[in-house]
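What follows is one structure encoded as structure tokens, with my remarks underneath.
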Amino acid sequence: MNFDANKLIKKCENDLKGSCFHQVDDTALYNQEKVLRAFQNNKVALRHFSPTSGYGYDDVGRDTLCKVFSDVFRTEKAIVSPLIANGTHALTIAMFGILRPGDELLYITGEPYDTLEDVIKGEGIGSLKEFGVKFNKIELTSDGKFDFEAIKAALIERKPRMIGIQRSRGYSWRNALKYKDFEEIITFIRNISPLSVIMVDNCYGEFVDKEEPSEAGADLIVGSLIKNPGGGLAPTGGYVAGKAEYVDLVAGKLTAPGIGMEVGSYMSTYQYFYQGLFMAPHVVAQAIKASLLFCAVFSELGYEVLPAPYSVGGDIITSIKFPRAENLISFCQAVQKCSPIDSFVTPEPWDMPGYNDQVIMAAGSFVQGASIEMSADSPIRAPYIAYFQGSLTYEHAVIALKKCLEYLSGSEK
């Protein structure tokens, strides 16, 4: 590649300032006001940051945090807990909390994210399949839209207990879903199968739009606190928010039936969960601007990207398609080189637990594996697509972009 990286980046920045950045800022302002009101309405105080031990009875910090999240997502109830290890864990307790032997789980966005493979269909490890839960999927159409005819047929014929919708693309080449997509599909499902529980895997999508899928009628939305809603400060945790009757069932799987969220201590401060949520609208806006810039620059260089250049997607992820595995690996290594933590480490593909292919991950983050911080990852399989996400600051993403271009052009000394 023969080009002036600084000049190309500046050109794309100027174009974005005149097109998309104002939309991102407007959404961030709206969401910041929503979060602030939730804090004020629940009278959050310094006492809510205090740790608890043992059973954690009457843990006011935990209970109030759940109420704040519920207000932000405009749901009846929410579980927010450091006891939830990650997004896969949150989705697992949501599914096991609702589904019973003989029920069907139907994903209408194709195959779920790789780490759910064993949760749903694993052998000899306590999967949903072993507990008698049937699984079916309906692929999206070739242009990444819902297959309404196939969904209607499945709803009429089988009346599945739970409908799973994955907002983000996972390791697939499609656009993430936006709020208008949820409005359309949830209304469609309700008219045909009103008793089906609609669960949305909301990972990577919180605060990208002004509304969340719960406001479109989803029964449950599920996510990780080391992604968008943790604002880069939450050290661990996940959430499940939605209708009270379903959230209570899920709480029984997080701890024990009949106990639910009455217990659960945390021997560290809750400050970072509260503060992270408060910071989240701004941090997500930084990540979206980073995504927009990467898409614009790599598109100018002739690479296929998602979302389309100069359009705000439904999550914080940028997909870039490379011609060879070597290009993909170089891109991820450049991201690692620009990380504040472990910048001296060179990531290589490895057999990561929960994945079917070797995976390369660049994640020099303050919180291990925090996807709201700048990172990049991909399975090593054709087509060779890098999934770039996050950035606590837009400026950090600009610096990393320059390094990625250097690595790919072979100019790194």
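Each chain of the structure tokens is named A, B, ... in the order shown, its residues numbered from 1; ligands are numbered from 1 in display order.
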Determine, for each residue of segment 176-206 of chain A having at least one atom at most 8 Å from an atom of segment 298-315 of chain A, the closest pair of atoms and their separation in Å to one decimal, counting only C-alpha atoms; order by chain and ascending number, as CSV.
residue,atom,partner,partner_atom,distance
A:Ala176,CA,A:Gly314,CA,4.7
A:Leu177,CA,A:Gly314,CA,5.1
A:Lys178,CA,A:Gly314,CA,4.7
A:Tyr179,CA,A:Gly314,CA,7.9
A:Tyr204,CA,A:Asp315,CA,5.2
A:Gly205,CA,A:Asp315,CA,4.3
A:Glu206,CA,A:Asp315,CA,7.6
Can you list every residue in segment 209-394 of chain A that DSSP puts in alpha helix (DSSP H), as an mmCIF file with N, CA and C atoms, in the first residue's frame?
data_model
loop_
_atom_site.group_PDB
_atom_site.id
_atom_site.type_symbol
_atom_site.label_atom_id
_atom_site.label_comp_id
_atom_site.auth_asym_id
_atom_site.auth_seq_id
_atom_site.Cartn_x
_atom_site.Cartn_y
_atom_site.Cartn_z
ATOM 1 N N ALA A 244 -40.692 -9.002 35.331
ATOM 2 C CA ALA A 244 -40.382 -9.494 36.674
ATOM 3 C C ALA A 244 -40.546 -11.007 36.794
ATOM 4 N N GLU A 245 -41.591 -11.574 36.187
ATOM 5 C CA GLU A 245 -41.831 -13.010 36.340
ATOM 6 C C GLU A 245 -40.686 -13.836 35.764
ATOM 7 N N TYR A 246 -40.064 -13.347 34.711
ATOM 8 C CA TYR A 246 -38.961 -14.087 34.103
ATOM 9 C C TYR A 246 -37.643 -13.792 34.807
ATOM 10 N N VAL A 247 -37.430 -12.559 35.205
ATOM 11 C CA VAL A 247 -36.205 -12.206 35.926
ATOM 12 C C VAL A 247 -36.125 -12.987 37.235
ATOM 13 N N ASP A 248 -37.258 -13.171 37.914
ATOM 14 C CA ASP A 248 -37.259 -13.945 39.159
ATOM 15 C C ASP A 248 -36.863 -15.397 38.918
ATOM 16 N N LEU A 249 -37.331 -15.978 37.814
ATOM 17 C CA LEU A 249 -36.941 -17.349 37.487
ATOM 18 C C LEU A 249 -35.442 -17.447 37.208
ATOM 19 N N VAL A 250 -34.915 -16.458 36.531
ATOM 20 C CA VAL A 250 -33.481 -16.441 36.234
ATOM 21 C C VAL A 250 -32.669 -16.280 37.515
ATOM 22 N N ALA A 251 -33.160 -15.449 38.433
ATOM 23 C CA ALA A 251 -32.464 -15.239 39.710
ATOM 24 C C ALA A 251 -32.322 -16.551 40.476
ATOM 25 N N GLY A 252 -33.310 -17.437 40.317
ATOM 26 C CA GLY A 252 -33.241 -18.733 40.973
ATOM 27 C C GLY A 252 -32.157 -19.626 40.436
ATOM 28 N N LYS A 253 -31.708 -19.367 39.224
ATOM 29 C CA LYS A 253 -30.589 -20.114 38.644
ATOM 30 C C LYS A 253 -29.251 -19.457 38.942
ATOM 31 N N LEU A 254 -29.261 -18.149 39.168
ATOM 32 C CA LEU A 254 -28.015 -17.479 39.549
ATOM 33 C C LEU A 254 -27.577 -17.942 40.937
ATOM 34 N N GLN A 271 -18.573 0.753 43.654
ATOM 35 C CA GLN A 271 -18.393 2.055 42.991
ATOM 36 C C GLN A 271 -18.207 1.907 41.486
ATOM 37 N N TYR A 272 -17.380 0.936 41.071
ATOM 38 C CA TYR A 272 -17.010 0.858 39.658
ATOM 39 C C TYR A 272 -18.168 0.379 38.782
ATOM 40 N N PHE A 273 -19.124 -0.330 39.379
ATOM 41 C CA PHE A 273 -20.310 -0.716 38.617
ATOM 42 C C PHE A 273 -21.207 0.495 38.385
ATOM 43 N N TYR A 274 -21.399 1.281 39.440
ATOM 44 C CA TYR A 274 -22.190 2.504 39.308
ATOM 45 C C TYR A 274 -21.500 3.521 38.398
ATOM 46 N N GLN A 275 -20.234 3.760 38.668
ATOM 47 C CA GLN A 275 -19.495 4.758 37.897
ATOM 48 C C GLN A 275 -19.354 4.326 36.444
ATOM 49 N N GLY A 276 -19.149 3.040 36.213
ATOM 50 C CA GLY A 276 -19.048 2.537 34.849
ATOM 51 C C GLY A 276 -20.328 2.752 34.079
ATOM 52 N N LEU A 277 -21.474 2.455 34.715
ATOM 53 C CA LEU A 277 -22.755 2.695 34.057
ATOM 54 C C LEU A 277 -22.937 4.176 33.744
ATOM 55 N N PHE A 278 -22.549 5.029 34.677
ATOM 56 C CA PHE A 278 -22.671 6.467 34.433
ATOM 57 C C PHE A 278 -21.820 6.914 33.250
ATOM 58 N N MET A 279 -20.631 6.325 33.111
ATOM 59 C CA MET A 279 -19.724 6.685 32.022
ATOM 60 C C MET A 279 -20.104 6.038 30.688
ATOM 61 N N ALA A 280 -20.919 4.998 30.740
ATOM 62 C CA ALA A 280 -21.149 4.152 29.568
ATOM 63 C C ALA A 280 -21.637 4.901 28.323
ATOM 64 N N PRO A 281 -22.622 5.807 28.407
ATOM 65 C CA PRO A 281 -23.051 6.476 27.169
ATOM 66 C C PRO A 281 -21.915 7.200 26.449
ATOM 67 N N HIS A 282 -21.041 7.849 27.208
ATOM 68 C CA HIS A 282 -19.918 8.564 26.595
ATOM 69 C C HIS A 282 -18.887 7.588 26.030
ATOM 70 N N VAL A 283 -18.566 6.551 26.794
ATOM 71 C CA VAL A 283 -17.557 5.584 26.345
ATOM 72 C C VAL A 283 -18.046 4.848 25.103
ATOM 73 N N VAL A 284 -19.311 4.479 25.080
ATOM 74 C CA VAL A 284 -19.868 3.816 23.900
ATOM 75 C C VAL A 284 -19.785 4.736 22.687
ATOM 76 N N ALA A 285 -20.039 6.020 22.885
ATOM 77 C CA ALA A 285 -19.918 6.981 21.780
ATOM 78 C C ALA A 285 -18.490 7.032 21.247
ATOM 79 N N GLN A 286 -17.508 6.959 22.140
ATOM 80 C CA GLN A 286 -16.109 6.931 21.707
ATOM 81 C C GLN A 286 -15.835 5.693 20.855
ATOM 82 N N ALA A 287 -16.377 4.552 21.306
ATOM 83 C CA ALA A 287 -16.169 3.298 20.568
ATOM 84 C C ALA A 287 -16.846 3.333 19.203
ATOM 85 N N ILE A 288 -18.032 3.929 19.128
ATOM 86 C CA ILE A 288 -18.732 4.019 17.842
ATOM 87 C C ILE A 288 -17.960 4.920 16.878
ATOM 88 N N LYS A 289 -17.442 6.028 17.371
ATOM 89 C CA LYS A 289 -16.645 6.903 16.512
ATOM 90 C C LYS A 289 -15.395 6.179 16.012
ATOM 91 N N ALA A 290 -14.799 5.379 16.884
ATOM 92 C CA ALA A 290 -13.639 4.580 16.464
ATOM 93 C C ALA A 290 -14.035 3.617 15.350
ATOM 94 N N SER A 291 -15.178 2.959 15.514
ATOM 95 C CA SER A 291 -15.670 2.032 14.500
ATOM 96 C C SER A 291 -15.907 2.738 13.170
ATOM 97 N N LEU A 292 -16.524 3.889 13.237
ATOM 98 C CA LEU A 292 -16.803 4.653 12.019
ATOM 99 C C LEU A 292 -15.517 5.020 11.286
ATOM 100 N N LEU A 293 -14.499 5.418 12.051
ATOM 101 C CA LEU A 293 -13.240 5.808 11.424
ATOM 102 C C LEU A 293 -12.543 4.614 10.784
ATOM 103 N N PHE A 294 -12.482 3.486 11.492
ATOM 104 C CA PHE A 294 -11.859 2.284 10.925
ATOM 105 C C PHE A 294 -12.583 1.854 9.656
ATOM 106 N N CYS A 295 -13.914 1.884 9.676
ATOM 107 C CA CYS A 295 -14.684 1.500 8.491
ATOM 108 C C CYS A 295 -14.383 2.426 7.317
ATOM 109 N N ALA A 296 -14.361 3.717 7.585
ATOM 110 C CA ALA A 296 -14.137 4.684 6.514
ATOM 111 C C ALA A 296 -12.751 4.526 5.894
ATOM 112 N N VAL A 297 -11.728 4.405 6.738
ATOM 113 C CA VAL A 297 -10.353 4.320 6.243
ATOM 114 C C VAL A 297 -10.122 3.020 5.481
ATOM 115 N N PHE A 298 -10.528 1.898 6.047
ATOM 116 C CA PHE A 298 -10.288 0.624 5.368
ATOM 117 C C PHE A 298 -11.125 0.487 4.101
ATOM 118 N N SER A 299 -12.293 1.090 4.082
ATOM 119 C CA SER A 299 -13.087 1.099 2.850
ATOM 120 C C SER A 299 -12.380 1.893 1.758
ATOM 121 N N GLU A 300 -11.804 3.023 2.130
ATOM 122 C CA GLU A 300 -11.048 3.842 1.172
ATOM 123 C C GLU A 300 -9.887 3.044 0.566
ATOM 124 N N ALA A 325 -4.883 -15.049 5.949
ATOM 125 C CA ALA A 325 -4.778 -15.170 7.400
ATOM 126 C C ALA A 325 -3.653 -14.290 7.940
ATOM 127 N N GLU A 326 -2.568 -14.175 7.180
ATOM 128 C CA GLU A 326 -1.417 -13.380 7.625
ATOM 129 C C GLU A 326 -1.797 -11.912 7.831
ATOM 130 N N ASN A 327 -2.657 -11.391 6.955
ATOM 131 C CA ASN A 327 -3.103 -10.001 7.099
ATOM 132 C C ASN A 327 -3.928 -9.818 8.371
ATOM 133 N N LEU A 328 -4.807 -10.768 8.618
ATOM 134 C CA LEU A 328 -5.649 -10.743 9.811
ATOM 135 C C LEU A 328 -4.801 -10.769 11.077
ATOM 136 N N ILE A 329 -3.815 -11.659 11.094
ATOM 137 C CA ILE A 329 -2.939 -11.784 12.264
ATOM 138 C C ILE A 329 -2.135 -10.500 12.476
ATOM 139 N N SER A 330 -1.625 -9.907 11.391
ATOM 140 C CA SER A 330 -0.864 -8.655 11.497
ATOM 141 C C SER A 330 -1.723 -7.536 12.065
ATOM 142 N N PHE A 331 -2.986 -7.474 11.628
ATOM 143 C CA PHE A 331 -3.895 -6.449 12.126
ATOM 144 C C PHE A 331 -4.070 -6.586 13.639
ATOM 145 N N CYS A 332 -4.336 -7.785 14.110
ATOM 146 C CA CYS A 332 -4.538 -7.995 15.542
ATOM 147 C C CYS A 332 -3.267 -7.706 16.332
ATOM 148 N N GLN A 333 -2.134 -8.079 15.776
ATOM 149 C CA GLN A 333 -0.867 -7.807 16.463
ATOM 150 C C GLN A 333 -0.598 -6.311 16.568
ATOM 151 N N ALA A 334 -1.016 -5.550 15.563
ATOM 152 C CA ALA A 334 -0.845 -4.100 15.614
ATOM 153 C C ALA A 334 -1.722 -3.488 16.697
ATOM 154 N N VAL A 335 -2.951 -3.986 16.837
ATOM 155 C CA VAL A 335 -3.839 -3.496 17.902
ATOM 156 C C VAL A 335 -3.213 -3.758 19.267
ATOM 157 N N GLN A 336 -2.650 -4.962 19.446
ATOM 158 C CA GLN A 336 -2.002 -5.287 20.717
ATOM 159 C C GLN A 336 -0.818 -4.363 20.982
ATOM 160 N N LYS A 337 -0.075 -4.057 19.938
ATOM 161 C CA LYS A 337 1.104 -3.196 20.066
ATOM 162 C C LYS A 337 0.727 -1.818 20.586
ATOM 163 N N TYR A 394 -11.533 7.965 21.781
ATOM 164 C CA TYR A 394 -11.419 8.016 20.321
ATOM 165 C C TYR A 394 -9.957 8.229 19.911
#
Pick out the residues sitting within 12 Å of Ala94 of chain A, and hand them over as a PDB file with N, CA and C atoms, in the first residue's frame; count only C-alpha atoms, and ignore anything fewer than 5 positions along from it in its own chain.
ATOM      1  N   ALA A  78     -34.436  -6.144  37.171  1.00  0.00           N
ATOM      2  CA  ALA A  78     -33.128  -6.473  36.604  1.00  0.00           C
ATOM      3  C   ALA A  78     -32.284  -7.209  37.631  1.00  0.00           C
ATOM      4  N   ILE A  79     -31.448  -8.100  37.122  1.00  0.00           N
ATOM      5  CA  ILE A  79     -30.375  -8.714  37.901  1.00  0.00           C
ATOM      6  C   ILE A  79     -29.082  -8.099  37.411  1.00  0.00           C
ATOM      7  N   ILE A  84     -21.975 -12.981  38.010  1.00  0.00           N
ATOM      8  CA  ILE A  84     -22.108 -13.422  36.618  1.00  0.00           C
ATOM      9  C   ILE A  84     -20.764 -13.197  35.934  1.00  0.00           C
ATOM     10  N   GLY A  87     -20.871 -12.730  29.437  1.00  0.00           N
ATOM     11  CA  GLY A  87     -22.112 -12.738  28.680  1.00  0.00           C
ATOM     12  C   GLY A  87     -22.669 -14.136  28.486  1.00  0.00           C
ATOM     13  N   THR A  88     -21.784 -15.106  28.228  1.00  0.00           N
ATOM     14  CA  THR A  88     -22.227 -16.488  28.058  1.00  0.00           C
ATOM     15  C   THR A  88     -22.890 -17.008  29.329  1.00  0.00           C
ATOM     16  N   HIS A  89     -22.333 -16.673  30.470  1.00  0.00           N
ATOM     17  CA  HIS A  89     -22.911 -17.072  31.749  1.00  0.00           C
ATOM     18  C   HIS A  89     -24.292 -16.438  31.930  1.00  0.00           C
ATOM     19  N   LEU A  99     -36.423 -22.205  30.487  1.00  0.00           N
ATOM     20  CA  LEU A  99     -36.744 -23.407  29.713  1.00  0.00           C
ATOM     21  C   LEU A  99     -36.879 -24.646  30.600  1.00  0.00           C
ATOM     22  N   ARG A 100     -37.802 -25.511  30.197  1.00  0.00           N
ATOM     23  CA  ARG A 100     -38.065 -26.746  30.920  1.00  0.00           C
ATOM     24  C   ARG A 100     -37.998 -27.925  29.943  1.00  0.00           C
ATOM     25  N   LEU A 105     -36.123 -24.020  22.205  1.00  0.00           N
ATOM     26  CA  LEU A 105     -35.419 -22.751  22.043  1.00  0.00           C
ATOM     27  C   LEU A 105     -35.213 -22.537  20.553  1.00  0.00           C
ATOM     28  N   VAL A 119     -23.283 -24.975  25.621  1.00  0.00           N
ATOM     29  CA  VAL A 119     -24.394 -24.678  26.531  1.00  0.00           C
ATOM     30  C   VAL A 119     -25.693 -25.281  25.996  1.00  0.00           C
ATOM     31  N   LEU A 128     -28.404 -27.826  27.703  1.00  0.00           N
ATOM     32  CA  LEU A 128     -29.858 -27.785  27.544  1.00  0.00           C
ATOM     33  C   LEU A 128     -30.369 -29.050  26.862  1.00  0.00           C
ATOM     34  N   MET A 162     -39.108 -20.305  23.886  1.00  0.00           N
ATOM     35  CA  MET A 162     -38.219 -19.126  23.895  1.00  0.00           C
ATOM     36  C   MET A 162     -37.720 -18.826  22.500  1.00  0.00           C
ATOM     37  N   ILE A 163     -37.750 -17.548  22.152  1.00  0.00           N
ATOM     38  CA  ILE A 163     -37.178 -17.048  20.907  1.00  0.00           C
ATOM     39  C   ILE A 163     -35.891 -16.312  21.250  1.00  0.00           C
ATOM     40  N   GLY A 164     -34.774 -16.763  20.702  1.00  0.00           N
ATOM     41  CA  GLY A 164     -33.494 -16.106  20.923  1.00  0.00           C
ATOM     42  C   GLY A 164     -33.128 -15.205  19.754  1.00  0.00           C
ATOM     43  N   VAL A 197     -41.414 -16.561  24.991  1.00  0.00           N
ATOM     44  CA  VAL A 197     -40.546 -15.615  25.702  1.00  0.00           C
ATOM     45  C   VAL A 197     -39.457 -15.146  24.742  1.00  0.00           C
ATOM     46  N   ILE A 198     -39.383 -13.849  24.545  1.00  0.00           N
ATOM     47  CA  ILE A 198     -38.405 -13.283  23.613  1.00  0.00           C
ATOM     48  C   ILE A 198     -37.190 -12.806  24.402  1.00  0.00           C
ATOM     49  N   MET A 199     -36.053 -13.437  24.138  1.00  0.00           N
ATOM     50  CA  MET A 199     -34.798 -13.076  24.814  1.00  0.00           C
ATOM     51  C   MET A 199     -33.821 -12.503  23.797  1.00  0.00           C
ATOM     52  N   VAL A 200     -33.257 -11.355  24.126  1.00  0.00           N
ATOM     53  CA  VAL A 200     -32.283 -10.699  23.253  1.00  0.00           C
ATOM     54  C   VAL A 200     -30.902 -10.732  23.893  1.00  0.00           C
ATOM     55  N   ASP A 201     -29.951 -11.298  23.168  1.00  0.00           N
ATOM     56  CA  ASP A 201     -28.541 -11.180  23.537  1.00  0.00           C
ATOM     57  C   ASP A 201     -28.122  -9.774  23.118  1.00  0.00           C
ATOM     58  N   ASP A 219     -38.907  -9.669  26.261  1.00  0.00           N
ATOM     59  CA  ASP A 219     -39.166 -10.105  27.632  1.00  0.00           C
ATOM     60  C   ASP A 219     -37.913 -10.063  28.483  1.00  0.00           C
ATOM     61  N   LEU A 220     -36.772 -10.370  27.880  1.00  0.00           N
ATOM     62  CA  LEU A 220     -35.492 -10.351  28.583  1.00  0.00           C
ATOM     63  C   LEU A 220     -34.427  -9.781  27.670  1.00  0.00           C
ATOM     64  N   ILE A 221     -33.560  -8.930  28.214  1.00  0.00           N
ATOM     65  CA  ILE A 221     -32.337  -8.541  27.516  1.00  0.00           C
ATOM     66  C   ILE A 221     -31.167  -8.915  28.421  1.00  0.00           C
ATOM     67  N   VAL A 222     -30.095  -9.373  27.803  1.00  0.00           N
ATOM     68  CA  VAL A 222     -28.997  -9.984  28.546  1.00  0.00           C
ATOM     69  C   VAL A 222     -27.679  -9.413  28.052  1.00  0.00           C
ATOM     70  N   GLY A 223     -26.751  -9.167  28.966  1.00  0.00           N
ATOM     71  CA  GLY A 223     -25.467  -8.632  28.531  1.00  0.00           C
ATOM     72  C   GLY A 223     -24.384  -8.763  29.584  1.00  0.00           C
ATOM     73  N   GLY A 238     -22.418  -9.286  34.938  1.00  0.00           N
ATOM     74  CA  GLY A 238     -23.363  -9.302  33.835  1.00  0.00           C
ATOM     75  C   GLY A 238     -24.730  -8.896  34.320  1.00  0.00           C
ATOM     76  N   TYR A 239     -25.693  -8.832  33.403  1.00  0.00           N
ATOM     77  CA  TYR A 239     -27.047  -8.425  33.781  1.00  0.00           C
ATOM     78  C   TYR A 239     -28.077  -9.210  32.989  1.00  0.00           C
ATOM     79  N   VAL A 240     -29.261  -9.324  33.580  1.00  0.00           N
ATOM     80  CA  VAL A 240     -30.459  -9.821  32.910  1.00  0.00           C
ATOM     81  C   VAL A 240     -31.574  -8.885  33.331  1.00  0.00           C
ATOM     82  N   ALA A 241     -32.249  -8.269  32.371  1.00  0.00           N
ATOM     83  CA  ALA A 241     -33.306  -7.308  32.681  1.00  0.00           C
ATOM     84  C   ALA A 241     -34.542  -7.635  31.862  1.00  0.00           C
ATOM     85  N   GLY A 242     -35.704  -7.381  32.438  1.00  0.00           N
ATOM     86  CA  GLY A 242     -36.930  -7.646  31.698  1.00  0.00           C
ATOM     87  C   GLY A 242     -38.140  -7.731  32.583  1.00  0.00           C
ATOM     88  N   TYR A 246     -40.064 -13.347  34.711  1.00  0.00           N
ATOM     89  CA  TYR A 246     -38.961 -14.087  34.103  1.00  0.00           C
ATOM     90  C   TYR A 246     -37.643 -13.792  34.807  1.00  0.00           C
ATOM     91  N   VAL A 247     -37.430 -12.559  35.205  1.00  0.00           N
ATOM     92  CA  VAL A 247     -36.205 -12.206  35.926  1.00  0.00           C
ATOM     93  C   VAL A 247     -36.125 -12.987  37.235  1.00  0.00           C
ATOM     94  N   ASP A 248     -37.258 -13.171  37.914  1.00  0.00           N
ATOM     95  CA  ASP A 248     -37.259 -13.945  39.159  1.00  0.00           C
ATOM     96  C   ASP A 248     -36.863 -15.397  38.918  1.00  0.00           C
ATOM     97  N   LEU A 249     -37.331 -15.978  37.814  1.00  0.00           N
ATOM     98  CA  LEU A 249     -36.941 -17.349  37.487  1.00  0.00           C
ATOM     99  C   LEU A 249     -35.442 -17.447  37.208  1.00  0.00           C
ATOM    100  N   VAL A 250     -34.915 -16.458  36.531  1.00  0.00           N
ATOM    101  CA  VAL A 250     -33.481 -16.441  36.234  1.00  0.00           C
ATOM    102  C   VAL A 250     -32.669 -16.280  37.515  1.00  0.00           C
ATOM    103  N   ALA A 251     -33.160 -15.449  38.433  1.00  0.00           N
ATOM    104  CA  ALA A 251     -32.464 -15.239  39.710  1.00  0.00           C
ATOM    105  C   ALA A 251     -32.322 -16.551  40.476  1.00  0.00           C
ATOM    106  N   GLY A 252     -33.310 -17.437  40.317  1.00  0.00           N
ATOM    107  CA  GLY A 252     -33.241 -18.733  40.973  1.00  0.00           C
ATOM    108  C   GLY A 252     -32.157 -19.626  40.436  1.00  0.00           C
ATOM    109  N   LYS A 253     -31.708 -19.367  39.224  1.00  0.00           N
ATOM    110  CA  LYS A 253     -30.589 -20.114  38.644  1.00  0.00           C
ATOM    111  C   LYS A 253     -29.251 -19.457  38.942  1.00  0.00           C
ATOM    112  N   LEU A 254     -29.261 -18.149  39.168  1.00  0.00           N
ATOM    113  CA  LEU A 254     -28.015 -17.479  39.549  1.00  0.00           C
ATOM    114  C   LEU A 254     -27.577 -17.942  40.937  1.00  0.00           C
TER     115      LEU A 254
END
request  = Find the residue from A:Leu155, A:Ile399, A:Ile9, A:Leu83 that sits nearest to Glu104 of chain A; use only C-alpha atoms when measuring.
outcome  =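 When distances to Glu104 of chain A are compared using only C-alpha atoms, the smallest one comes from A:Leu155.
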request  = Record the distance separating atom CA of Pro353 of chain A and atom CA of Trp173 of chain A, expressed in Å with one decimal.
outcome  =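 Computing it gives 22.4 Å between the two atoms.
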request  = Using DSSP on the backbone coordinates, identify the residues of segment 15-257 of chain A assigned to strand (DSSP E or B); present them as an MDAnalysis selection string.
outcome  = chainID A and resid 77:81 104:107 134:137 162:166 197:201 220:224 238:242
Print the selection's residues with N, CA and C atoms to a file, as a compact mmCIF listing (two decimals), in the first residue's frame.
# COMPACT_ATOMS: atom_id res chain seq x y z
N LYS A 77 -37.79 -5.27 36.10
CA LYS A 77 -36.82 -5.77 37.09
C LYS A 77 -35.50 -6.06 36.40
N ALA A 78 -34.44 -6.14 37.17
CA ALA A 78 -33.13 -6.47 36.60
C ALA A 78 -32.28 -7.21 37.63
N ILE A 79 -31.45 -8.10 37.12
CA ILE A 79 -30.37 -8.71 37.90
C ILE A 79 -29.08 -8.10 37.41
N VAL A 80 -28.32 -7.52 38.31
CA VAL A 80 -26.98 -7.01 37.97
C VAL A 80 -26.05 -7.56 39.03
N SER A 81 -25.07 -8.36 38.62
CA SER A 81 -24.29 -9.06 39.63
C SER A 81 -22.86 -9.32 39.19
N GLU A 104 -38.86 -25.79 23.51
CA GLU A 104 -38.00 -25.51 22.36
C GLU A 104 -37.40 -24.12 22.47
N LEU A 105 -36.12 -24.02 22.20
CA LEU A 105 -35.42 -22.75 22.04
C LEU A 105 -35.21 -22.54 20.55
N LEU A 106 -35.73 -21.45 20.05
CA LEU A 106 -35.61 -21.14 18.62
C LEU A 106 -34.84 -19.85 18.44
N TYR A 107 -33.65 -19.94 17.83
CA TYR A 107 -32.88 -18.74 17.49
C TYR A 107 -33.25 -18.32 16.08
N LYS A 134 -35.21 -28.79 23.30
CA LYS A 134 -34.93 -28.87 21.87
C LYS A 134 -34.42 -27.53 21.35
N PHE A 135 -33.57 -27.58 20.35
CA PHE A 135 -33.03 -26.35 19.76
C PHE A 135 -33.25 -26.36 18.25
N ASN A 136 -33.71 -25.23 17.75
CA ASN A 136 -33.81 -25.02 16.32
C ASN A 136 -33.35 -23.62 15.99
N LYS A 137 -32.99 -23.41 14.75
CA LYS A 137 -32.54 -22.08 14.33
C LYS A 137 -33.13 -21.77 12.96
N MET A 162 -39.11 -20.30 23.89
CA MET A 162 -38.22 -19.13 23.89
C MET A 162 -37.72 -18.83 22.50
N ILE A 163 -37.75 -17.55 22.15
CA ILE A 163 -37.18 -17.05 20.91
C ILE A 163 -35.89 -16.31 21.25
N GLY A 164 -34.77 -16.76 20.70
CA GLY A 164 -33.49 -16.11 20.92
C GLY A 164 -33.13 -15.21 19.75
N ILE A 165 -32.72 -13.99 20.07
CA ILE A 165 -32.30 -13.02 19.05
C ILE A 165 -30.94 -12.48 19.45
N GLN A 166 -29.96 -12.66 18.60
CA GLN A 166 -28.61 -12.16 18.87
C GLN A 166 -28.42 -10.83 18.15
N VAL A 197 -41.41 -16.56 24.99
CA VAL A 197 -40.55 -15.61 25.70
C VAL A 197 -39.46 -15.15 24.74
N ILE A 198 -39.38 -13.85 24.54
CA ILE A 198 -38.40 -13.28 23.61
C ILE A 198 -37.19 -12.81 24.40
N MET A 199 -36.05 -13.44 24.14
CA MET A 199 -34.80 -13.08 24.81
C MET A 199 -33.82 -12.50 23.80
N VAL A 200 -33.26 -11.35 24.13
CA VAL A 200 -32.28 -10.70 23.25
C VAL A 200 -30.90 -10.73 23.89
N ASP A 201 -29.95 -11.30 23.17
CA ASP A 201 -28.54 -11.18 23.54
C ASP A 201 -28.12 -9.77 23.12
N LEU A 220 -36.77 -10.37 27.88
CA LEU A 220 -35.49 -10.35 28.58
C LEU A 220 -34.43 -9.78 27.67
N ILE A 221 -33.56 -8.93 28.21
CA ILE A 221 -32.34 -8.54 27.52
C ILE A 221 -31.17 -8.91 28.42
N VAL A 222 -30.10 -9.37 27.80
CA VAL A 222 -29.00 -9.98 28.55
C VAL A 222 -27.68 -9.41 28.05
N GLY A 223 -26.75 -9.17 28.97
CA GLY A 223 -25.47 -8.63 28.53
C GLY A 223 -24.38 -8.76 29.58
N SER A 224 -23.20 -8.28 29.22
CA SER A 224 -22.01 -8.36 30.05
C SER A 224 -21.60 -6.96 30.51
N GLY A 238 -22.42 -9.29 34.94
CA GLY A 238 -23.36 -9.30 33.83
C GLY A 238 -24.73 -8.90 34.32
N TYR A 239 -25.69 -8.83 33.40
CA TYR A 239 -27.05 -8.42 33.78
C TYR A 239 -28.08 -9.21 32.99
N VAL A 240 -29.26 -9.32 33.58
CA VAL A 240 -30.46 -9.82 32.91
C VAL A 240 -31.57 -8.89 33.33
N ALA A 241 -32.25 -8.27 32.37
CA ALA A 241 -33.31 -7.31 32.68
C ALA A 241 -34.54 -7.63 31.86
N GLY A 242 -35.70 -7.38 32.44
CA GLY A 242 -36.93 -7.65 31.70
C GLY A 242 -38.14 -7.73 32.58
ask   = So which residues touch segment 355-367 of chain A within 10 Å, counting only C-alpha atoms, skipping near sequence neighbours fewer than 4 positions away, as a count of residues only?
value = 51
ask   = Out of A:Ser53, A:Ser409, A:Ser319, A:Asn41, which residue has the shortest atom-to-atom distance to Val68 of chain A when counting only C-alpha atoms?
value =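 Ranked by minimum distance to Val68 of chain A, first place goes to A:Asn41.
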key: Pro101 of chain A environment, 7 Å, only C-alpha atoms, sequence neighbours closer than 3 positions dropped, as a list in words   =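 Once the nearby chain positions are removed, what remains is Phe131, Gly132 and Val133 of chain A.
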